[in-house]
Every structure is written in C-alpha cells, then in structure tokens.
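Text of run_7.txt, listed as compact mmCIF, C-alpha atoms:
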# COMPACT_ATOMS: atom_id res chain seq x y z
CA MET A 1 -63.35 19.59 -66.75
CA SER A 2 -66.40 21.15 -65.12
CA PRO A 3 -69.63 21.38 -67.13
CA LYS A 4 -70.29 24.56 -69.07
CA SER A 5 -73.41 26.52 -69.88
CA TYR A 6 -73.71 28.90 -72.82
CA LYS A 7 -75.41 32.22 -73.36
CA ILE A 8 -75.51 34.02 -76.72
CA ILE A 9 -75.85 37.80 -76.66
CA GLY A 10 -77.69 39.07 -79.74
CA THR A 11 -81.08 39.64 -81.29
CA PRO A 12 -82.44 37.01 -83.74
CA PHE A 13 -82.65 39.94 -86.20
CA SER A 14 -78.83 39.99 -86.33
CA THR A 15 -77.47 37.90 -89.20
CA PHE A 16 -74.13 37.19 -87.49
CA THR A 17 -75.99 36.14 -84.35
CA ARG A 18 -78.08 33.76 -86.43
CA THR A 19 -74.92 32.25 -87.93
CA ILE A 20 -73.87 31.24 -84.42
CA THR A 21 -77.32 30.05 -83.28
CA LEU A 22 -77.56 27.96 -86.45
CA GLY A 23 -74.30 26.29 -85.48
CA LEU A 24 -75.34 25.82 -81.85
CA ASN A 25 -78.62 24.21 -82.87
CA TYR A 26 -77.04 22.07 -85.58
CA LYS A 27 -74.46 20.77 -83.09
CA LYS A 28 -77.19 20.35 -80.45
CA ILE A 29 -75.44 22.57 -77.92
CA HIS A 30 -77.97 23.90 -75.41
CA PHE A 31 -77.84 27.66 -74.96
CA GLU A 32 -79.77 30.65 -73.68
CA GLN A 33 -80.23 33.66 -75.97
CA VAL A 34 -80.35 37.23 -74.69
CA ALA A 35 -82.11 39.14 -77.47
CA THR A 36 -80.50 42.57 -77.44
CA LEU A 37 -79.66 45.12 -80.12
CA PRO A 38 -76.15 46.25 -81.07
CA GLN A 39 -74.87 49.19 -79.01
CA SER A 40 -77.26 48.37 -76.16
CA ASP A 41 -75.85 48.40 -72.63
CA ILE A 42 -75.88 44.59 -72.65
CA ALA A 43 -74.04 44.45 -75.98
CA LYS A 44 -71.46 46.99 -74.82
CA ALA A 45 -70.88 45.02 -71.63
CA SER A 46 -70.15 41.90 -73.69
CA HIS A 47 -68.32 43.17 -76.80
CA PRO A 48 -65.62 45.88 -76.77
CA TYR A 49 -67.41 47.75 -79.57
CA GLY A 50 -71.00 46.83 -78.67
CA TYR A 51 -71.39 44.53 -81.68
CA LEU A 52 -73.16 41.18 -81.91
CA PRO A 53 -72.88 38.35 -81.09
CA THR A 54 -70.96 37.41 -77.96
CA LEU A 55 -70.85 33.91 -76.51
CA ILE A 56 -70.70 33.79 -72.72
CA ILE A 57 -69.18 30.54 -71.46
CA GLU A 58 -70.15 29.91 -67.86
CA ASP A 59 -68.55 27.40 -65.52
CA ALA A 60 -71.53 25.69 -63.94
CA GLU A 61 -69.61 24.79 -60.77
CA GLY A 62 -67.22 27.65 -60.11
CA GLY A 63 -69.33 30.52 -61.39
CA HIS A 64 -66.48 31.73 -63.63
CA GLU A 65 -67.42 33.08 -67.07
CA VAL A 66 -65.57 33.89 -70.26
CA LYS A 67 -66.92 36.28 -72.90
CA LEU A 68 -65.94 35.37 -76.44
CA SER A 69 -66.82 37.91 -79.11
CA GLU A 70 -66.36 37.94 -82.90
CA THR A 71 -68.13 35.30 -84.93
CA GLN A 72 -65.10 33.48 -86.33
CA ALA A 73 -63.60 33.10 -82.85
CA ILE A 74 -66.89 31.66 -81.59
CA VAL A 75 -67.05 29.28 -84.56
CA ARG A 76 -63.61 27.90 -83.75
CA TYR A 77 -64.58 27.37 -80.13
CA LEU A 78 -67.76 25.51 -81.08
CA ASP A 79 -65.81 23.29 -83.46
CA ARG A 80 -63.37 22.45 -80.67
CA ILE A 81 -65.97 21.52 -78.06
CA ALA A 82 -68.33 19.79 -80.52
CA PRO A 83 -66.43 18.61 -83.62
CA GLU A 84 -69.42 16.49 -84.69
CA PRO A 85 -71.59 16.91 -86.59
CA SER A 86 -68.94 18.60 -88.68
CA LEU A 87 -69.50 21.94 -90.38
CA HIS A 88 -66.25 21.66 -92.32
CA TYR A 89 -65.53 20.79 -95.92
CA ARG A 90 -63.52 17.64 -96.52
CA PRO A 91 -62.98 17.12 -100.26
CA SER A 92 -62.79 13.48 -101.27
CA THR A 93 -60.83 14.05 -104.48
CA ASP A 94 -58.35 16.58 -105.83
CA ASP A 95 -61.00 17.69 -108.32
CA GLU A 96 -63.12 19.00 -105.43
CA GLY A 97 -60.51 21.60 -104.54
CA LEU A 98 -59.02 22.76 -101.25
CA GLU A 99 -60.83 22.39 -97.95
CA GLU A 100 -59.75 25.96 -97.16
CA ARG A 101 -62.04 27.11 -99.98
CA MET A 102 -64.91 26.92 -97.50
CA TRP A 103 -63.15 29.41 -95.20
CA GLU A 104 -62.48 31.66 -98.18
CA VAL A 105 -66.25 31.81 -98.78
CA VAL A 106 -66.85 32.48 -95.07
CA SER A 107 -64.50 35.44 -95.27
CA LEU A 108 -66.05 36.73 -98.50
CA VAL A 109 -69.54 36.56 -96.99
CA ALA A 110 -68.51 38.35 -93.80
CA SER A 111 -66.38 41.01 -95.51
CA PHE A 112 -68.31 41.64 -98.72
CA GLY A 113 -71.65 39.83 -98.54
CA PHE A 114 -72.85 41.59 -95.41
CA PRO A 115 -72.25 45.14 -96.72
CA THR A 116 -73.60 44.22 -100.15
CA VAL A 117 -76.83 42.62 -98.93
CA GLU A 118 -77.59 44.19 -95.56
CA VAL A 119 -76.05 47.65 -95.86
CA GLY A 120 -76.69 48.00 -99.60
CA VAL A 121 -80.29 46.73 -99.81
CA VAL A 122 -81.98 45.35 -96.68
CA LYS A 123 -81.39 48.22 -94.24
CA PRO A 124 -82.17 50.98 -96.79
CA HIS A 125 -85.34 49.08 -97.79
CA LEU A 126 -86.58 48.91 -94.20
CA LYS A 127 -85.69 52.56 -93.55
CA ALA A 128 -87.61 53.67 -96.66
CA LEU A 129 -90.62 51.60 -95.54
CA GLU A 130 -90.60 53.44 -92.22
CA GLU A 131 -90.63 56.71 -94.18
CA GLY A 132 -93.74 55.63 -96.07
CA VAL A 133 -92.23 54.72 -99.44
CA SER A 134 -94.01 51.84 -101.21
CA GLU A 135 -92.18 48.53 -101.55
CA GLY A 136 -92.49 48.69 -105.32
CA ASP A 137 -90.77 52.08 -105.45
CA ILE A 138 -88.10 50.95 -103.00
CA ALA A 139 -87.29 47.87 -105.08
CA GLN A 140 -87.07 50.00 -108.21
CA ASN A 141 -84.73 52.46 -106.52
CA ASN A 142 -82.54 49.59 -105.29
CA MET A 143 -81.92 48.02 -108.70
CA ASN A 144 -78.29 49.13 -108.89
CA GLU A 145 -77.54 47.67 -105.47
CA VAL A 146 -79.42 44.48 -106.35
CA SER A 147 -77.13 44.00 -109.34
CA LYS A 148 -74.17 44.07 -106.93
CA ILE A 149 -75.78 41.23 -104.97
CA ALA A 150 -76.10 39.20 -108.16
CA GLN A 151 -72.40 39.81 -108.85
CA PHE A 152 -71.49 38.77 -105.32
CA LEU A 153 -73.53 35.56 -105.58
CA ALA A 154 -71.81 34.73 -108.86
CA ILE A 155 -68.47 34.96 -107.05
CA ILE A 156 -69.73 32.59 -104.35
CA GLU A 157 -71.17 30.17 -106.90
CA GLU A 158 -67.85 30.07 -108.73
CA ARG A 159 -66.12 28.93 -105.54
CA ALA A 160 -68.78 26.51 -104.31
CA LEU A 161 -68.91 22.83 -105.16
CA HIS A 162 -71.04 22.41 -108.28
CA GLY A 163 -74.04 20.13 -108.25
CA SER A 164 -74.22 19.73 -104.47
CA MET A 165 -77.14 20.26 -102.08
CA PHE A 166 -75.19 22.78 -100.02
CA LEU A 167 -72.28 25.02 -100.90
CA PHE A 168 -69.66 22.34 -100.29
CA GLY A 169 -71.36 18.99 -100.46
CA ASN A 170 -74.35 17.12 -99.11
CA HIS A 171 -74.17 18.50 -95.58
CA PRO A 172 -73.99 22.14 -94.51
CA THR A 173 -70.76 23.90 -93.59
CA TRP A 174 -70.02 27.17 -91.85
CA ALA A 175 -70.09 28.80 -95.28
CA ASP A 176 -73.79 27.89 -95.56
CA PHE A 177 -74.49 29.21 -92.07
CA TYR A 178 -72.77 32.50 -92.84
CA LEU A 179 -74.58 33.04 -96.13
CA TYR A 180 -78.05 31.82 -95.22
CA PRO A 181 -79.05 34.61 -92.78
CA LEU A 182 -78.21 37.26 -95.38
CA LEU A 183 -80.22 35.62 -98.14
CA ALA A 184 -83.07 34.81 -95.75
CA ASP A 185 -83.37 38.54 -95.03
CA LEU A 186 -83.23 39.35 -98.74
CA ARG A 187 -85.86 36.72 -99.54
CA ALA A 188 -88.31 38.59 -97.31
CA LEU A 189 -88.12 41.56 -99.70
CA PRO A 190 -89.15 42.03 -103.36
CA GLU A 191 -85.50 42.49 -104.39
CA TRP A 192 -84.92 38.77 -103.90
CA LYS A 193 -86.41 37.74 -107.24
CA ASP A 194 -84.00 39.98 -109.15
CA ALA A 195 -80.91 39.04 -107.16
CA ALA A 196 -81.04 35.26 -106.78
CA SER A 197 -80.11 32.74 -109.45
CA GLY A 198 -81.65 29.27 -109.74
CA ARG A 199 -78.74 27.72 -107.81
CA PHE A 200 -79.42 29.85 -104.76
CA VAL A 201 -83.20 29.45 -104.91
CA LYS A 202 -82.72 25.67 -104.73
CA TRP A 203 -80.00 26.04 -102.10
CA MET A 204 -82.37 28.06 -99.92
CA GLU A 205 -84.97 25.31 -100.23
CA ASN A 206 -82.40 22.76 -99.05
CA MET A 207 -81.37 24.99 -96.16
CA ASP A 208 -84.99 25.50 -95.14
CA LYS A 209 -85.29 21.76 -94.48
CA LEU A 210 -82.67 21.86 -91.72
CA ASP A 211 -84.02 21.71 -88.18
CA ALA A 212 -81.54 24.42 -87.17
CA VAL A 213 -83.07 26.84 -89.67
CA GLY A 214 -86.56 26.37 -88.28
CA GLN A 215 -85.26 26.66 -84.73
CA THR A 216 -83.69 30.06 -85.48
CA PHE A 217 -86.53 31.57 -87.55
CA LYS A 218 -88.49 33.34 -84.81
CA GLY A 219 -87.66 37.03 -84.54
CA THR A 220 -85.82 37.25 -87.88
CA LEU A 221 -86.75 39.63 -90.68
CA GLY A 222 -88.45 36.77 -92.54
CA ASP A 223 -90.63 36.16 -89.50
CA VAL A 224 -91.42 39.77 -88.61
CA HIS A 225 -91.77 41.28 -92.10
CA ASN A 226 -94.12 38.62 -93.48
CA ARG A 227 -96.56 38.48 -90.58
Will you turn the file into structure tokens for me?
Amino acid sequence: MSPKSYKIIGTPFSTFTRTITLGLNYKKIHFEQVATLPQSDIAKASHPYGYLPTLIIEDAEGGHEVKLSETQAIVRYLDRIAPEPSLHYRPSTDDEGLEERMWEVVSLVASFGFPTVEVGVVKPHLKALEEGVSEGDIAQNNMNEVSKIAQFLAIIEERALHGSMFLFGNHPTWADFYLYPLLADLRALPEWKDAASGRFVKWMENMDKLDAVGQTFKGTLGDVHNR
C-alpha cells in the first residue's frame, strides 16, 4: 500500500473540524489543515453541501486523492488506519454497560448538543456582541437557552461512566472529542458558569491536560475571544 498524506478542510473555529483534528493529533497522524469557512469555494469543492470538515486522503506516489466528508465517516476511517491509541470504550464488567453507549453519546452530541450549545447560545451571543450588546445583557437574555444546555448535559452525564476521568473511563474516547469543542466554546462565554455542573468542570480540566487539546487550541473561540 502506497503511503498517504492527509489534509483536513475546515477552520479551527468549527467544532466538528476540531473533533477530527483532536483525533488526528491524539493518534499522531500528521496532517495539513486548510482553514476555511463553511460555504466557501474550498468547502463547496470538498463537501457536497459546503459543510465542514472534509478529510482529503492523498496517495503520495500516484497523486490520486479521495475526499471523505461527514465527521462520523472520517472517524471510522481514522480508527481503521490507526486503531491505537484507541478512542473506543471497552467496558471491563457488565456493570459498566454496553460499549455502544459511547456511540450513543456521540450521536446525541452531534444531533442535539450542537444545536443546543452552538445554535442556541454561542452563535447568538457572538452576533449580539457584534451588534453592540453587552455580555452581561446577552447572558441574561440567554438564560432560557442555557437551561436547555444544563438539561442536555444531565442526559450525557446519565449515560457516561460515573467516577471516571473522561466520559467512559481513564482515557478519552470519541465521545469526549465530540463534546469537548462545544463546551470549550461555551466556556469562553459568561453562560458557562450557569450551564456546567461540577462533573463537567472537572472533566474539562482533565481534557485540557491532553496534548491534542493544546495542539488544536489556536484559532478556536476560546483563543480568539479571550485575547
């Protein structure tokens, strides 16, 4: 099999893009990142709907390339080419539940967490800031949406493994890498203190210690908003 090179299409500001770059860094897969916005010409050339991210897999010898879009498809490819270090959940006892529980959380984060956190709070907060509204007033106006985040996090906590460093044990899984970019964005805003429980505050601290998190910080909301 000829060697491959990898290019990720997507701005660091994109939470789904960061999920993939977290995985790439954690698995120590070298890649180039093309920082582009959704619906840009580059994004449209890579994804049928102009969304982010897309992984471009290039054959280093033959010049052939494959474009793989949609985060869960990319995740499965990365797991196949680099199964270790694992980002899967392998319960050691029946009491620790089904290993598919991790994928349930991944789906919940992608389907419900993103609209609840990003569409419900983060994007409206940033838009209001651009319009000159104070952060204190924005946070006050967002209280109803913040309560929905707290409800969502309670659902995730109910499904996670209790008493563990990460959502499903003492090493991260894809569930952690799906959830972290959303909560990292939220943590950059005042709404964080009203949305996050103690479990997720500690979980964020554990996530922050990962090399992959530091390697993907530049260009995110947490980086740009707190400068």
Quiz item: Nearest to A:Lys193 among A:Lys7, A:Pro53, A:Asp41, A:Ile149, with distances taken over all atoms listed in the file: which residue is it?
Solution: A:Ile149
Quiz item: Which one of A:Glu145, A:Glu99, A:Glu84, A:Glu158 sits closest to A:Thr116 if you count only C-alpha atoms?
Solution: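 Going through A:Glu145, A:Glu99, A:Glu84, A:Glu158 one by one, the smallest distance to A:Thr116 is for A:Glu145.
Counting all atoms listed in the file, the residue from A:Glu32, A:Glu70, A:Asp185, A:Glu205 that sits nearest to A:Thr15 is A:Asp185.
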Exercise. Within 10 Å of A:Pro3, counting only C-alpha atoms, which residues show up once you throw out same-chain ones fewer than 5 positions away? Write them as a list in words, please.
Key: Glu58, Asp59, Ala60, Glu61 and Gly62 of chain A
Quiz item: Of the residues A:Val66, A:Gly50, A:Pro38, A:Arg90, which is the one nearest to A:Lys4, using all atoms listed in the file?
Solution: A:Val66
Under the rule of at most 8 Å, produce a per-residue listing of stretch 36-115 of chain A near stretch 173-178 of chain A: chain, number, name, the closest pair of atoms, and the distance in Å, as JSON lines, using all atoms listed in the file.
{"residue": "A:Ser86", "atom": "CA", "partner": "A:Thr173", "partner_atom": "CA", "distance": 7.5}
{"residue": "A:Leu87", "atom": "CA", "partner": "A:Thr173", "partner_atom": "CA", "distance": 4.0}
{"residue": "A:His88", "atom": "CA", "partner": "A:Thr173", "partner_atom": "CA", "distance": 5.2}
{"residue": "A:Tyr89", "atom": "CA", "partner": "A:Thr173", "partner_atom": "CA", "distance": 6.5}
{"residue": "A:Met102", "atom": "CA", "partner": "A:Ala175", "partner_atom": "CA", "distance": 5.9}
{"residue": "A:Trp103", "atom": "CA", "partner": "A:Ala175", "partner_atom": "CA", "distance": 7.0}
{"residue": "A:Val105", "atom": "CA", "partner": "A:Ala175", "partner_atom": "CA", "distance": 6.0}
{"residue": "A:Val106", "atom": "CA", "partner": "A:Ala175", "partner_atom": "CA", "distance": 4.9}
{"residue": "A:Val109", "atom": "CA", "partner": "A:Tyr178", "partner_atom": "CA", "distance": 6.6}
{"residue": "A:Ala110", "atom": "CA", "partner": "A:Tyr178", "partner_atom": "CA", "distance": 7.3}
Quiz item: At what distance in Å, to one decimal, does atom CA of A:Val146 lie from atom CA of A:Ala128?
Solution: 15.7 Å
With 8 Å of padding per side, what axis-aligned box (centre and edge lengths, Å, one decimal) covers all the listed atoms of stretch 102-114 of chain A? Give it as AutoDock Vina command-line options.
--center_x -67.7 --center_y 34.3 --center_z -96.3 --size_x 26.4 --size_y 30.7 --size_z 21.0
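The coordinates place atom CA of A:Ser46 at 14.8 Å from atom CA of A:His64.
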Self-check item: Contacts of A:Gln39 at 10 Å (all atoms listed in the file; same-chain gap of 5+ positions) as a VMD selection string
Solution: chain A and resid 44 to 45 47 49 to 52
Practice problem: Grab the atom CA of A:Lys67 to atom CA of A:Asp211 distance for me, in Å with one decimal place. | Solution: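 Going from atom CA of A:Lys67 over to atom CA of A:Asp211, I get 27.2 Å.
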Quiz item: Which of these, A:Leu24, A:Leu153, A:Leu210, A:Leu37, has the shortest distance to A:Tyr77 once you count all atoms listed in the file?
Solution: A:Leu24
Practice problem: Considering all atoms listed in the file, return as a PyMOL selection string whatever protein or nucleic-acid residues lie within 9 Å of A:Val75, sequence-local ones (same chain, fewer than 3 positions apart) excluded. | Solution: chain A and resi 20+23+70-72+78-80+174
What would stretch 2-18 of chain A look like with N, CA, C and O atoms in place, written as a tab-separated table (two decimals), in the coordinates of the input?
chain	number	residue	atom	x	y	z
A	2	SER	N	-65.05	20.90	-65.64
A	2	SER	CA	-66.40	21.15	-65.12
A	2	SER	C	-67.36	21.45	-66.26
A	2	SER	O	-66.96	21.97	-67.30
A	3	PRO	N	-68.65	21.12	-66.06
A	3	PRO	CA	-69.63	21.38	-67.13
A	3	PRO	C	-69.79	22.87	-67.40
A	3	PRO	O	-69.61	23.70	-66.51
A	4	LYS	N	-70.12	23.18	-68.64
A	4	LYS	CA	-70.29	24.56	-69.07
A	4	LYS	C	-71.73	24.82	-69.48
A	4	LYS	O	-72.44	23.92	-69.92
A	5	SER	N	-72.14	26.07	-69.31
A	5	SER	CA	-73.41	26.52	-69.88
A	5	SER	C	-73.10	27.70	-70.80
A	5	SER	O	-72.09	28.39	-70.63
A	6	TYR	N	-74.00	27.93	-71.76
A	6	TYR	CA	-73.71	28.90	-72.82
A	6	TYR	C	-74.85	29.89	-72.98
A	6	TYR	O	-76.03	29.53	-72.95
A	7	LYS	N	-74.44	31.14	-73.16
A	7	LYS	CA	-75.41	32.22	-73.36
A	7	LYS	C	-74.96	33.03	-74.57
A	7	LYS	O	-73.80	33.45	-74.65
A	8	ILE	N	-75.85	33.23	-75.53
A	8	ILE	CA	-75.51	34.02	-76.72
A	8	ILE	C	-76.16	35.38	-76.60
A	8	ILE	O	-77.36	35.49	-76.33
A	9	ILE	N	-75.37	36.43	-76.74
A	9	ILE	CA	-75.85	37.80	-76.66
A	9	ILE	C	-76.11	38.31	-78.07
A	9	ILE	O	-75.18	38.42	-78.87
A	10	GLY	N	-77.38	38.57	-78.41
A	10	GLY	CA	-77.69	39.07	-79.74
A	10	GLY	C	-79.12	38.80	-80.14
A	10	GLY	O	-79.68	37.75	-79.85
A	11	THR	N	-79.72	39.78	-80.80
A	11	THR	CA	-81.08	39.64	-81.29
A	11	THR	C	-81.15	38.64	-82.44
A	11	THR	O	-80.21	38.55	-83.25
A	12	PRO	N	-82.26	37.89	-82.57
A	12	PRO	CA	-82.44	37.01	-83.74
A	12	PRO	C	-82.41	37.77	-85.05
A	12	PRO	O	-82.18	37.17	-86.11
A	13	PHE	N	-82.66	39.09	-85.00
A	13	PHE	CA	-82.65	39.94	-86.20
A	13	PHE	C	-81.24	40.09	-86.76
A	13	PHE	O	-81.07	40.44	-87.93
A	14	SER	N	-80.23	39.84	-85.93
A	14	SER	CA	-78.83	39.99	-86.33
A	14	SER	C	-78.38	38.77	-87.14
A	14	SER	O	-78.47	37.63	-86.68
A	15	THR	N	-77.87	39.01	-88.34
A	15	THR	CA	-77.47	37.90	-89.20
A	15	THR	C	-76.25	37.16	-88.64
A	15	THR	O	-76.18	35.93	-88.73
A	16	PHE	N	-75.29	37.87	-88.06
A	16	PHE	CA	-74.13	37.19	-87.49
A	16	PHE	C	-74.53	36.39	-86.26
A	16	PHE	O	-73.99	35.31	-86.01
A	17	THR	N	-75.48	36.91	-85.48
A	17	THR	CA	-75.99	36.14	-84.35
A	17	THR	C	-76.65	34.86	-84.84
A	17	THR	O	-76.46	33.78	-84.27
A	18	ARG	N	-77.41	34.96	-85.93
A	18	ARG	CA	-78.08	33.76	-86.43
A	18	ARG	C	-77.07	32.75	-86.95
A	18	ARG	O	-77.29	31.53	-86.83
